[in-house]
Structures are given as C-alpha cells and as structure tokens.
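Asker: Contents of start_26.cif (mmCIF, C-alpha atoms and all ligand atoms) are below:
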```cif
data_query
#
loop_
_atom_site.label_atom_id
_atom_site.label_comp_id
_atom_site.auth_asym_id
_atom_site.auth_seq_id
_atom_site.Cartn_x
_atom_site.Cartn_y
_atom_site.Cartn_z
CA MET A 38 82.73 83.09 -235.82
CA SER A 39 80.09 85.11 -237.70
CA ASN A 40 80.68 88.78 -238.41
CA PRO A 41 79.30 90.84 -235.45
CA VAL A 42 79.03 94.10 -237.43
CA TYR A 43 75.47 95.33 -238.04
CA LEU A 44 75.30 98.29 -240.41
CA ALA A 45 73.06 101.11 -239.09
CA LEU A 46 71.10 101.82 -242.25
CA ASP A 47 70.15 105.40 -241.31
CA VAL A 48 69.25 106.38 -244.85
CA PRO A 49 65.93 108.18 -245.46
CA THR A 50 65.11 106.67 -248.84
CA LEU A 51 64.91 103.01 -249.74
CA ASP A 52 66.76 102.78 -253.03
CA PRO A 53 70.02 104.40 -251.84
CA ALA A 54 69.82 102.14 -248.77
CA LYS A 55 69.68 99.08 -251.02
CA VAL A 56 72.55 100.35 -253.17
CA LEU A 57 74.71 100.90 -250.09
CA LEU A 58 73.84 97.49 -248.69
CA GLU A 59 74.64 95.75 -251.95
CA LYS A 60 78.13 97.27 -251.83
CA VAL A 61 78.95 96.24 -248.27
CA LYS A 62 76.93 93.11 -247.60
CA ALA A 63 79.83 90.70 -248.02
CA HIS A 64 81.68 92.40 -245.16
CA ILE A 65 78.98 92.82 -242.50
CA GLY A 66 76.93 90.41 -240.41
CA GLY A 67 73.54 92.14 -240.42
CA VAL A 68 71.53 95.34 -240.82
CA LYS A 69 70.08 97.62 -238.15
CA LEU A 70 66.85 99.36 -239.16
CA GLY A 71 65.73 102.13 -236.79
CA LEU A 72 62.47 103.84 -235.98
CA GLU A 73 62.93 106.41 -238.73
CA PHE A 74 63.33 103.72 -241.40
CA PHE A 75 60.40 101.75 -240.00
CA CYS A 76 58.08 104.78 -239.87
CA ALA A 77 59.04 105.79 -243.39
CA HIS A 78 59.03 102.39 -245.11
CA GLY A 79 57.11 100.04 -242.80
CA ALA A 80 56.92 96.30 -243.25
CA HIS A 81 57.43 96.68 -247.00
CA GLY A 82 60.80 98.38 -246.47
CA VAL A 83 61.93 95.73 -244.00
CA HIS A 84 61.01 92.97 -246.47
CA GLU A 85 62.92 94.74 -249.24
CA ILE A 86 66.05 94.86 -247.08
CA ALA A 87 65.55 91.31 -245.76
CA HIS A 88 65.44 90.00 -249.35
CA MET A 89 69.07 91.03 -249.62
CA GLY A 90 69.89 88.11 -247.36
CA LEU A 91 71.27 89.55 -244.13
CA PRO A 92 69.81 89.20 -240.61
CA ILE A 93 67.65 92.15 -239.54
CA PHE A 94 67.89 94.06 -236.25
CA LEU A 95 64.74 96.14 -235.68
CA ASP A 96 65.75 98.99 -233.36
CA LEU A 97 62.20 100.06 -232.47
CA LYS A 98 62.80 100.84 -228.76
CA LEU A 99 59.28 99.76 -227.81
CA HIS A 100 57.83 101.28 -224.62
CA ASP A 101 54.13 100.97 -223.73
CA ILE A 102 51.86 98.91 -221.48
CA PRO A 103 52.75 95.19 -221.47
CA ASN A 104 49.75 94.12 -223.56
CA THR A 105 50.51 96.65 -226.30
CA VAL A 106 54.22 95.84 -226.46
CA ALA A 107 53.42 92.11 -226.57
CA GLY A 108 50.99 92.78 -229.43
CA ALA A 109 53.64 94.74 -231.33
CA MET A 110 56.15 91.92 -230.80
CA GLN A 111 53.66 89.45 -232.24
CA ALA A 112 52.88 91.74 -235.17
CA ILE A 113 56.53 91.77 -236.23
CA HIS A 114 56.92 87.97 -236.34
CA VAL A 115 56.30 88.15 -240.08
CA LEU A 116 59.37 90.39 -240.45
CA GLU A 117 61.55 87.70 -238.83
CA PRO A 118 63.91 90.08 -237.00
CA LYS A 119 66.88 88.48 -235.26
CA ILE A 120 67.09 91.30 -232.69
CA VAL A 121 64.47 93.79 -231.37
CA THR A 122 64.93 96.57 -228.80
CA ILE A 123 62.53 97.63 -226.03
CA HIS A 124 62.97 100.13 -223.16
CA ALA A 125 63.95 98.63 -219.79
CA SER A 126 62.21 101.58 -218.10
CA GLY A 127 58.90 100.06 -219.26
CA GLY A 128 59.30 97.76 -216.26
CA ARG A 129 59.48 94.07 -215.47
CA ALA A 130 56.00 93.05 -216.67
CA MET A 131 56.49 94.82 -220.00
CA MET A 132 59.84 93.11 -220.55
CA GLU A 133 58.55 89.67 -219.53
CA ASP A 134 55.55 89.95 -221.84
CA ALA A 135 57.68 91.26 -224.72
CA LYS A 136 60.04 88.31 -224.44
CA ALA A 137 57.16 85.84 -224.16
CA ALA A 138 55.60 87.29 -227.32
CA ALA A 139 58.82 87.33 -229.36
CA ALA A 140 59.39 84.67 -231.99
CA ASP A 141 61.76 81.80 -231.15
CA GLY A 142 65.31 82.81 -231.93
CA CYS A 143 64.61 86.56 -231.77
CA LYS A 144 66.82 88.30 -229.22
CA VAL A 145 64.97 90.90 -227.16
CA VAL A 146 67.38 93.52 -225.93
CA ALA A 147 66.74 96.43 -223.54
CA VAL A 148 67.74 100.04 -223.92
CA THR A 149 68.69 101.22 -220.41
CA MET A 150 69.41 104.97 -220.43
CA LEU A 151 69.31 106.95 -223.64
CA THR A 152 72.80 108.38 -224.10
CA SER A 153 71.17 111.72 -224.97
CA MET A 154 70.18 112.04 -221.28
CA ASP A 155 72.54 113.35 -218.63
CA GLU A 156 72.13 113.42 -214.86
CA SER A 157 70.20 116.72 -214.88
CA ASP A 158 67.70 115.17 -217.32
CA MET A 159 67.44 112.19 -214.97
CA THR A 160 66.78 114.44 -211.97
CA ALA A 161 64.13 116.31 -213.95
CA THR A 162 62.32 113.04 -214.62
CA GLY A 163 62.53 112.00 -210.96
CA ILE A 164 65.43 109.53 -211.18
CA GLY A 165 68.11 109.99 -208.51
CA GLY A 166 71.70 108.71 -208.42
CA SER A 167 74.25 108.48 -211.20
CA ALA A 168 73.61 107.48 -214.81
CA GLU A 169 75.90 104.49 -214.33
CA ASP A 170 73.91 103.29 -211.30
CA GLN A 171 70.74 103.56 -213.35
CA VAL A 172 72.24 101.58 -216.24
CA MET A 173 73.39 98.80 -213.89
CA ARG A 174 70.01 98.74 -212.10
CA LEU A 175 68.08 98.47 -215.37
CA ALA A 176 70.51 95.83 -216.70
CA GLU A 177 69.83 93.72 -213.62
CA LEU A 178 66.08 94.17 -214.05
CA ALA A 179 66.30 93.22 -217.75
CA GLU A 180 68.24 90.07 -216.89
CA SER A 181 65.79 89.05 -214.16
CA ALA A 182 62.86 89.69 -216.54
CA GLY A 183 64.34 87.11 -218.93
CA LEU A 184 65.61 89.41 -221.68
CA ASP A 185 68.59 88.39 -223.77
CA GLY A 186 70.73 91.45 -223.11
CA ILE A 187 71.01 95.22 -223.29
CA VAL A 188 72.23 98.01 -225.53
CA CYS A 189 75.26 99.70 -223.96
CA SER A 190 78.24 101.83 -224.89
CA GLY A 191 81.68 100.41 -225.59
CA GLN A 192 82.82 101.98 -222.33
CA GLU A 193 80.24 100.11 -220.26
CA VAL A 194 80.21 96.73 -221.96
CA GLY A 195 83.17 95.30 -220.01
CA LYS A 196 81.55 96.10 -216.67
CA VAL A 197 78.09 94.87 -217.68
CA HIS A 198 79.56 91.68 -219.15
CA LYS A 199 81.25 90.90 -215.82
CA GLN A 200 77.89 91.18 -214.04
CA TRP A 201 75.86 89.34 -216.75
CA LYS A 202 78.14 86.62 -218.08
CA ASN A 203 75.95 85.14 -220.81
CA GLY A 204 74.21 88.40 -221.77
CA PHE A 205 73.84 89.53 -225.38
CA PHE A 206 75.30 93.02 -225.69
CA VAL A 207 74.59 95.43 -228.53
CA VAL A 208 77.15 98.23 -228.73
CA PRO A 209 76.75 101.39 -230.89
CA GLY A 210 78.93 104.50 -230.97
CA LEU A 211 82.01 102.73 -232.35
CA ARG A 212 84.75 104.32 -234.40
CA PRO A 213 87.67 102.56 -236.08
CA ALA A 214 91.04 104.01 -235.10
CA GLY A 215 91.66 107.25 -237.02
CA SER A 216 88.10 107.80 -238.25
CA VAL A 217 85.86 110.89 -237.88
CA ILE A 218 84.09 110.88 -234.51
CA GLY A 219 81.12 113.08 -235.57
CA ASP A 220 78.46 113.63 -232.89
CA GLN A 221 79.38 110.55 -230.86
CA LYS A 222 81.16 111.54 -227.66
CA ARG A 223 82.47 108.47 -225.90
CA VAL A 224 83.76 106.17 -228.62
CA VAL A 225 85.84 102.99 -228.61
CA THR A 226 87.11 100.88 -231.50
CA PRO A 227 85.10 97.90 -232.77
CA ARG A 228 87.92 95.56 -231.70
CA LYS A 229 88.01 96.90 -228.14
CA ALA A 230 84.24 96.55 -227.79
CA ARG A 231 84.42 93.00 -229.12
CA ASP A 232 87.23 92.09 -226.72
CA ASP A 233 85.22 93.53 -223.82
CA GLY A 234 82.24 91.29 -224.55
CA ALA A 235 80.10 92.96 -227.24
CA SER A 236 77.92 90.50 -229.17
CA VAL A 237 76.83 92.95 -231.88
CA LEU A 238 78.75 96.01 -233.10
CA VAL A 239 76.44 98.68 -234.54
CA ILE A 240 78.33 100.81 -237.05
CA GLY A 241 76.80 103.47 -239.30
CA ARG A 242 78.65 106.46 -240.68
CA PRO A 243 82.20 105.02 -240.58
CA ILE A 244 80.89 102.69 -243.31
CA SER A 245 77.98 104.56 -244.93
CA LYS A 246 79.80 107.90 -245.27
CA ALA A 247 83.17 106.45 -246.28
CA PRO A 248 84.35 107.28 -249.81
CA ASP A 249 84.47 103.52 -250.44
CA PRO A 250 81.96 101.86 -248.07
CA ALA A 251 82.95 98.32 -249.06
CA ALA A 252 86.62 99.03 -248.34
CA ALA A 253 85.69 100.62 -244.98
CA ALA A 254 83.56 97.62 -243.98
CA ARG A 255 86.32 95.22 -245.10
CA ALA A 256 88.92 97.13 -243.08
CA ILE A 257 86.74 96.97 -239.94
CA GLU A 258 86.14 93.25 -240.49
CA ALA A 259 89.89 92.71 -240.72
CA THR A 260 90.44 94.21 -237.26
CA LEU A 261 88.06 91.80 -235.52
O1 LIG B 301 76.71 106.48 -237.58
P1 LIG B 301 76.94 105.83 -236.25
O2 LIG B 301 77.97 104.71 -236.29
O3 LIG B 301 77.22 106.83 -235.17
O4 LIG B 301 75.55 105.15 -235.93
C1 LIG B 301 75.26 104.53 -234.74
C2 LIG B 301 73.86 103.99 -234.74
O5 LIG B 301 73.55 103.55 -233.43
C3 LIG B 301 72.78 105.01 -235.10
O6 LIG B 301 71.72 104.28 -235.73
C4 LIG B 301 72.34 105.53 -233.76
O7 LIG B 301 71.01 106.00 -233.76
C5 LIG B 301 72.48 104.31 -232.89
N1 LIG B 301 72.70 104.57 -231.46
C6 LIG B 301 73.77 105.30 -230.97
N2 LIG B 301 73.94 105.51 -229.63
C7 LIG B 301 73.09 104.98 -228.79
C8 LIG B 301 72.02 104.21 -229.26
C9 LIG B 301 71.86 104.03 -230.61
O8 LIG B 301 74.57 105.79 -231.73
N3 LIG B 301 73.28 105.16 -227.51
#
```
As structure tokens, what does this structure read like?
Answerer:
Amino acid sequence: MSNPVYLALDVPTLDPAKVLLEKVKAHIGGVKLGLEFFCAHGAHGVHEIAHMGLPIFLDLKLHDIPNTVAGAMQAIHVLEPKIVTIHASGGRAMMEDAKAAAADGCKVVAVTMLTSMDESDMTATGIGGSAEDQVMRLAELAESAGLDGIVCSGQEVGKVHKQWKNGFFVVPGLRPAGSVIGDQKRVVTPRKARDDGASVLVIGRPISKAPDPAAAARAIEATL
C-alpha cells in the first residue's frame, strides 16, 4: 500500500520548502500545495516541487462559473496534479464540468463546508440546518456530479465513507498522539482517520515544525 501522507507545504518561500521536502520525502506519499504557495510561486514553483519526484495535490479550492472552472482545470494539465480541490457549493454543473475538464487520473475532490464557518456563519449566508447536514448534502451532490470524493475532517470520514463506499477522502487536521494541537480544534490521529476510510492524510506542522522533520514523518508512517 502506498503511503497516504501528503505533506502540507505551507512555507512562504521556495528554497526552504525544497529543503524541508528533501529531508522528509522518503517518508511521505505526496505534497499538498495550497493557494498561498500557488499565488506566490505559480506554475514555476509547482514544477520545482514536482521535480523532487512526489505526487502533487493542488489545493486550489476552485469556485466560479462552470466554464471558468473548466478552463482552470485544463490550464493545470501541464502541472500534472494527482489531486485538485474545488468547492461543492459551486453547484452540480460546476462540478460536472470541472471533472470533465480534469486530466485522466487526476482526482477532483470537493470542499464541502469550510471548517472556519460555524452555524451562525451559515445562517448569515442563508444556509439553514446544521453544519453536518450541509456537509452530507454537499457530499451527496459531489458524488452525483461524478467527483472522486470530498475533503472532510477525521471526525466525519467514518460517516461519509459509510454513505459513499468507493469515495476518495482527503482528511486534514490530523495530529499524532501526544503532539501539539495548535489552532486545529477537532483532531484525530492519522491511524484513526486511515482506519475510518481516509484515502489521503494531509499533515503539515506535526512534520514541518518538528525538531527533526524526517524522524516525525517516519514515526507517523510507522503508525499506519
Ligand atoms: O499544519 P496542519 O497539519 O494543521 O496543516 C493542515 C493543512 O490542511 C493546512 O494546509 C490547512 O490549510 C489544511 N486544511 C485544514 N483544515 C481544513 C482544510 C484544510 O487544516 N478543514
């Protein structure tokens, strides 16, 4: 089984990002590059990281009219990402067109509810009901639109996996037993998320901020 850990490379400058990746690359399965990295370093930065030999997850959270999102999906073919994120709240047509425009073998995964939003934020934007209902509703819509899976927390992945058996589930907010929790609120261990059906484990600071990042990545790998 390949290593499901994708390192969240949330580092503002390119050279330190490459140094960190060089240290840990034997113990992870891929690299997650977010919007901040992409805005700062663009296609050049993605190529630089891709040259280091690991699969790339572009966490761009695309959300626009279907034609524009499809165009963006086509424009990133050259970057050969293995996983790309879009927002499920962009609607069925946007998701269908994004998937149709993605390269073969690229997983298109939906963000349901941003974890920074609580129920009062939802009410303020006109969405009724609980956050969990909204996540499950958007997961169902993503599945019916032909997407590969969703991004969800370690606490939700078990429930979503039961509803969407062959879905591809990307899980951030993980903390190895005994590590610093930081600003994440609802954390589970990488092993628990994996056992509950996670396909990809997104891990950032427990590796990048560890005194010995390679040892931290190796220790996580050993628990899986
Ligand atoms: O450092 P840490 O392990 O908390 O990093 C988690 C990564 O996953 C970050 O890149 C963060 O932006 C992302 N993420 C998250 N929670 C979400 C969605 C994405 O932590 N709900």
Asker: Box for ligand LIG 301 (chain B) - axis-aligned, 8 Å on each of the six sides, all listed atoms - centre and size in Å to one decimal, as JSON.
Answerer:
```
{"center_x": 74.5, "center_y": 105.2, "center_z": -232.5, "size_x": 23.0, "size_y": 19.3, "size_z": 26.1}
```
Asker: Can you list, as a list in words, every protein, DNA or RNA residue that comes within 8 Å of Gly71 of chain A when you count all atoms listed in the file, leaving out same-chain residues fewer than 2 positions away?
Answerer: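 Once the adjacent positions are removed, what remains is Ala45, Leu46, Asp47, Lys69, Glu73, Phe74, Phe75, Leu95, Asp96 and Leu97 of chain A.
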Asker: Figure out the distance between atom CA of Ala135 of chain A and atom CA of Ala109 of chain A, please, to one decimal in Å.
Answerer: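 Distance between the two atoms: 8.5 Å.
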Asker: If we count all atoms listed in the file, what is near Val172 of chain A at a cut-off of 7 Å, once residues fewer than 3 positions away on the same chain are taken out, given as a list in words?
Answerer: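 These residues fall inside the cut-off: Thr149, Met150, Ala168, Glu169, Leu175 and Ala176 of chain A.
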Asker: Given all atoms listed in the file as the basis, pick out the residue of A:Met110, A:Leu51, A:Ala161, A:Leu58 nearest to Ile244 of chain A.
Answerer: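 Between A:Met110, A:Leu51, A:Ala161, A:Leu58, the residue approaching Ile244 of chain A most closely is A:Leu58.
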